[in-house]
Amino acid sequence: MKWTRKLLAGPYLIWMAGFILIPLGLIFYYGLTDSSGAFTLENIMAITDPQRANSLWRALKLALISTVICLAAAYPLAMILKRIAKNRSSLIVFIFVLPMWMNFLLRTMAWQVLLDRNGVINNVLGFFHLPRLNIINTQTAIIFGMVYNFLPFMVLPLYNVLMKIGNDVVEAAYDLGATKVQTFFHVILPLSVPGIISGITMVFVPALTTFVISNLLGGGMILLIGNVIEQEFTFTSNWHLGSGLSLVLMVFILISMALIAKYDKEGEGGAF
Amino acid sequence: MKKLSVLGAILLLCFSLAGCSGGSGEGETADNGVVKVYNWGEYIDEEVIDMFEEETGIEVIYDTFETNEEMYPIIEAGGVAYDVVCPSDYMIEKMIANDLLQEINFDNIPNMEYISESIMEGSKAFDPENKYSVPYTFGTLGILYNTTLVDDPVNSWSILWDEKYAGEIIMYNSVRDLFVAPLELLGYSINTTDDQELAQAKDMLLEQKPLLQRYVMDQIKDIMISESAALAMCYSGEVLQLQEANPNLAYVVPNEGSNFFIDSWVIPANAENKENAEAWLNFLNRPDIALKNFEYITYSTPNTGAQELMDEELLSNPAVFPGDDILSNCEVFYSLGTEGDEKYNELWLEIKDYTAQ
């Protein structure tokens with residue numbers, strides 16, 4: 001039996017080697033060498049350059065704000081979903097996931113059309129003689145885009161982990177005299193930590209590395225670390241520097257993975 | 001397993017991010033071999049590919065790129081041996097300098113006779129002996145403006161610094177193009193790598209940033225058509241389509257001068273089907289085919305045979321065919337070398353990082 005199981009994993013292993021391990025190896029190779037192929041740490045130290053460091057802090061700030069907003073919005077939603085009947089809640093989850101079937105770029109461009117100066121929202125506001133909303137090409141618009149695009153990644157793990165908390169556990173807490181608030185803070189919240197951690201990393205990492213959202217909704221006016229790396233590949237053709245900066249970002253991704261490994265030992269926070 | 005499927009979903013998202021790139025020719029039997037073409041996206045009437053395959057029996061493998069800089073490392077690495085590629089002027093110069101191209105046998109391309117003399121002359125800026133390149137399209141960088149939103153005469157780059165139009169101005173999100181405006185205003189070459197001249201230009205761009213609505217590339221079209229902005233930097237090739245969508249739009253090449261570009265076909269040194277590539281180039285320069293392509297991509301064609309088939313109105317539109325007086329005032333981009341590119345990139349970072357608030 002054992003070897004057939006291993007055989008089934010074959011396609012995935014090939015996929016992983018070809019599209020994850022080899023590219024990762026290439027990033028390490030380029031990131032740690034200069035154009036002559038000699039070992040150097042210069043590409044990584046380039047992050048200390050004031051503009052690049054600024055863009056990293058800015059990206060960290062926006063990703064952090066987006067993650068907090070996502071968590072604040074998703075947790076109550078997941079709690080509500082837990083309370084209503086299973087067949088109805090899965091419909092709501094389905095509706096939530098539905099937009100993810102559409103291309104990420106298109107959805108972000110749609111936000112651009114909505115938020116634009118002569119966009120849909122401003123036309124509606126203008127019709128009712130309300131003040132116009134001028135957030136396009138600002139950091140606020142980028143946060144909007146991040147929250148919109150990554151919210152499902154927060155909702156799904158939270159929903160999963162909350163659904164697994166049995167009602168008997170909650171009832172036991174009530175039986176022992178806990179109030180609703182006490183039950184939440186001493187029972188539900190601690191039990192949902194794996195989902196929270198997994199949701200946070202799944203929102204934080206893509207938000208930190210995005211360059212499309214800042215280009216489209218920030219109007220190219222706001223520089224994030226993702227844009228800096230993109231420019232190294234598309235304009236200067238400096239794959240070494242681009243890879244070196246990517247390695248810096250990878251540190252944050254590794255921290256996130258370590259957090260998941262620590263809190264989510266049984267894989268409970270998985271999204272799907 | 002759950003985590004794996006999550007990873008899979010994230011990967012899928014990443015892939016949809018990566019966007020699309022290229023398709024290949026129809027699956028006809030290739031009697032006469034193949035030709036591997038590497039061209040800009042949206043830079044050919046796809047019917048032309050089918051016509052070529054039908055007439056010559058050569059199968060076309062067609063891929064596209066978005067920027068010269070994205071194309072260059074792929075040709076340099078040589079993983080795919082493309083037979084014919086269509087880069088811009090300064091990139092051709094760089095490719096010649098790095099021995100990535102081979103001389104074209106013009107005996108196989110009799111239709112070269114249709115290429116305009118002045119464009120062949122202009123090509124000498126990057127291909128001094130006209131040995132490596134066959135011009136495909138050309139155009140200018142200028143200002144696109146909305147005649148109902150701008151009441152001043154537009155004839156100078158300085159209008160892009162006019163506070164009256166704060167929030168109505170759009171600049172290109174690519175550093176060489178961006179620097180054309182301040183460098184021309186200062187009277188410097190658009191190919192300068194002089195630190196002081198570049199610093200002056202950078203200061204002007206910093207000063208301009210608070211007046212800007214945004215830095216973008218292709219979205220300029222949507223924004224200008226929907227009248228969400230009044231003034232934008234624009235390449236002349238886009239103008240015909242834009243004017244069709246919104247007749248209020250006008251195009252001008254500023255008096256100070258500007259960038260003038262030529263996109264030309266070249267044959268990489270490692271091409272495996274050189275003669276098929278030359279057949280491809282000859283086909284593209286047949287007047288009826290050049291006209292068909294022009295009507296699709298609307299970038300000016302250097303093909304005089306095609307020009308003869310066009311009507312007067314089109315020929316007199318300065319966006320389609322700038323006169324020689326305008327062209328003589330414009331400069332072609334030169335390749336600045338790695339050092340020059342890095343200089344511009346550092347300045348770009350500084351400009352993008354700058355916030356006035």
# chains A, B, ... in the order shown; residues from 1 in each chain; ligands from 1
$ interface_residues --of "chain B" --to "chain A" --cutoff "6 Å" --atoms "only C-alpha atoms" --output "PyMOL selection string"
chain B and resi 2-3+69-70+214-215+228+341+352-353
$ select_by_dssp --residues "region 40-260 of chain B" --states "strand (DSSP E or B)" --output "PyMOL selection string"
chain B and resi 40+59-65+84-85+88+101+115+133-146+169-172+212-216+231-235+249-252+259-260
$ atom_distance --atom1 "CA of Leu185 (chain B)" --atom2 "CA of Leu205 (chain B)"
11.5 Å
$ decode --residues "region 134-265 of chain A" --atoms "C-alpha atoms" --output "short mmCIF file (atom, residue, chain, number, x, y, z; two decimals), in the first residue's frame"
data_model
loop_
_atom_site.label_atom_id
_atom_site.label_comp_id
_atom_site.auth_asym_id
_atom_site.auth_seq_id
_atom_site.Cartn_x
_atom_site.Cartn_y
_atom_site.Cartn_z
CA ASN A 134 -10.96 61.79 -2.86
CA ILE A 135 -9.07 58.75 -1.71
CA ILE A 136 -7.79 57.37 -5.02
CA ASN A 137 -3.98 57.49 -5.28
CA THR A 138 -3.54 57.66 -1.51
CA GLN A 139 -2.43 55.15 1.09
CA THR A 140 -6.07 54.85 2.15
CA ALA A 141 -6.98 53.53 -1.28
CA ILE A 142 -4.19 50.97 -1.09
CA ILE A 143 -5.43 49.79 2.31
CA PHE A 144 -8.93 49.53 0.81
CA GLY A 145 -7.60 47.33 -1.97
CA MET A 146 -5.62 45.13 0.39
CA VAL A 147 -8.52 44.61 2.77
CA TYR A 148 -10.88 43.83 -0.08
CA ASN A 149 -8.55 41.40 -1.80
CA PHE A 150 -7.29 39.56 1.24
CA LEU A 151 -10.35 39.50 3.52
CA PRO A 152 -11.42 35.98 2.41
CA PHE A 153 -8.00 34.70 3.50
CA MET A 154 -8.84 35.89 7.02
CA VAL A 155 -12.49 34.80 7.10
CA LEU A 156 -11.94 31.21 5.98
CA PRO A 157 -9.42 30.05 8.60
CA LEU A 158 -11.37 31.82 11.36
CA TYR A 159 -14.62 30.23 10.19
CA ASN A 160 -12.97 26.82 10.03
CA VAL A 161 -11.51 27.00 13.51
CA LEU A 162 -14.64 28.46 15.10
CA MET A 163 -16.86 25.79 13.53
CA LYS A 164 -14.73 23.16 15.21
CA ILE A 165 -15.33 24.52 18.71
CA GLY A 166 -18.14 22.25 19.91
CA ASN A 167 -21.26 23.79 21.39
CA ASP A 168 -20.81 21.43 24.35
CA VAL A 169 -17.61 23.26 25.29
CA VAL A 170 -19.44 26.57 25.28
CA GLU A 171 -22.37 25.13 27.21
CA ALA A 172 -20.02 23.64 29.78
CA ALA A 173 -18.60 27.12 30.35
CA TYR A 174 -22.10 28.50 30.92
CA ASP A 175 -22.92 25.59 33.28
CA LEU A 176 -19.92 26.45 35.35
CA GLY A 177 -21.21 29.99 35.73
CA ALA A 178 -19.22 31.88 33.11
CA THR A 179 -20.84 34.94 31.57
CA LYS A 180 -20.95 35.43 27.81
CA VAL A 181 -17.95 37.74 27.95
CA GLN A 182 -15.98 35.34 30.14
CA THR A 183 -16.84 32.43 27.84
CA PHE A 184 -15.59 34.40 24.87
CA PHE A 185 -12.30 35.45 26.42
CA HIS A 186 -11.51 32.24 28.30
CA VAL A 187 -12.88 29.60 25.93
CA ILE A 188 -13.61 30.72 22.38
CA LEU A 189 -10.76 33.16 21.86
CA PRO A 190 -7.96 30.86 23.10
CA LEU A 191 -9.36 27.97 21.06
CA SER A 192 -9.41 30.11 17.91
CA VAL A 193 -5.79 31.26 18.15
CA PRO A 194 -4.57 28.88 15.42
CA GLY A 195 -7.13 30.35 13.02
CA ILE A 196 -6.17 33.89 13.98
CA ILE A 197 -2.47 33.25 13.41
CA SER A 198 -3.04 31.52 10.13
CA GLY A 199 -5.40 34.30 8.98
CA ILE A 200 -2.93 37.00 9.98
CA THR A 201 -0.08 35.46 8.04
CA MET A 202 -2.21 34.77 5.00
CA VAL A 203 -3.23 38.43 4.87
CA PHE A 204 0.00 40.01 6.04
CA VAL A 205 2.41 38.26 3.66
CA PRO A 206 0.65 39.03 0.35
CA ALA A 207 -0.18 42.55 1.56
CA LEU A 208 3.47 43.16 2.37
CA THR A 209 4.73 42.02 -1.02
CA THR A 210 2.09 43.45 -3.35
CA PHE A 211 3.05 45.86 -6.09
CA VAL A 212 -0.05 45.67 -8.25
CA ILE A 213 -2.39 47.20 -5.68
CA SER A 214 -0.03 50.11 -5.01
CA ASN A 215 0.39 50.70 -8.74
CA LEU A 216 -3.31 50.63 -9.55
CA LEU A 217 -4.91 52.20 -6.48
CA GLY A 218 -1.92 54.27 -5.39
CA GLY A 219 -1.54 55.67 -8.89
CA GLY A 220 2.17 54.88 -8.82
CA MET A 221 2.59 57.74 -6.34
CA ILE A 222 3.30 55.55 -3.33
CA LEU A 223 6.39 53.40 -3.26
CA LEU A 224 6.19 50.02 -1.54
CA ILE A 225 8.98 47.46 -1.32
CA GLY A 226 7.15 45.36 -3.93
CA ASN A 227 7.43 48.23 -6.42
CA VAL A 228 11.14 48.62 -5.69
CA ILE A 229 11.74 44.96 -6.48
CA GLU A 230 9.53 45.07 -9.57
CA GLN A 231 11.52 48.03 -10.89
CA GLU A 232 14.79 46.12 -10.48
CA PHE A 233 13.45 43.38 -12.74
CA THR A 234 11.58 45.46 -15.31
CA PHE A 235 13.76 48.56 -15.66
CA THR A 236 17.36 48.00 -14.58
CA SER A 237 17.26 44.27 -15.43
CA ASN A 238 19.23 43.82 -12.22
CA TRP A 239 18.08 40.35 -11.19
CA HIS A 240 20.78 40.22 -8.52
CA LEU A 241 19.54 43.25 -6.62
CA GLY A 242 15.89 42.29 -7.10
CA SER A 243 16.58 38.81 -5.71
CA GLY A 244 18.61 40.20 -2.81
CA LEU A 245 15.71 42.45 -1.80
CA SER A 246 13.32 39.51 -2.19
CA LEU A 247 15.46 37.59 0.28
CA VAL A 248 14.99 40.39 2.79
CA LEU A 249 11.24 40.07 2.37
CA MET A 250 11.54 36.34 2.76
CA VAL A 251 12.69 36.90 6.34
CA PHE A 252 9.21 38.21 7.14
CA ILE A 253 7.61 35.27 5.38
CA LEU A 254 9.76 32.84 7.37
CA ILE A 255 8.75 34.54 10.62
CA SER A 256 5.14 34.03 9.62
CA MET A 257 5.72 30.37 8.80
CA ALA A 258 7.41 29.89 12.16
CA LEU A 259 4.39 31.43 13.87
CA ILE A 260 2.03 29.09 12.04
CA ALA A 261 4.18 26.10 12.94
CA LYS A 262 4.16 27.15 16.59
CA TYR A 263 0.44 27.79 17.05
CA ASP A 264 -1.22 25.70 14.40
CA LYS A 265 0.26 22.28 15.05
#
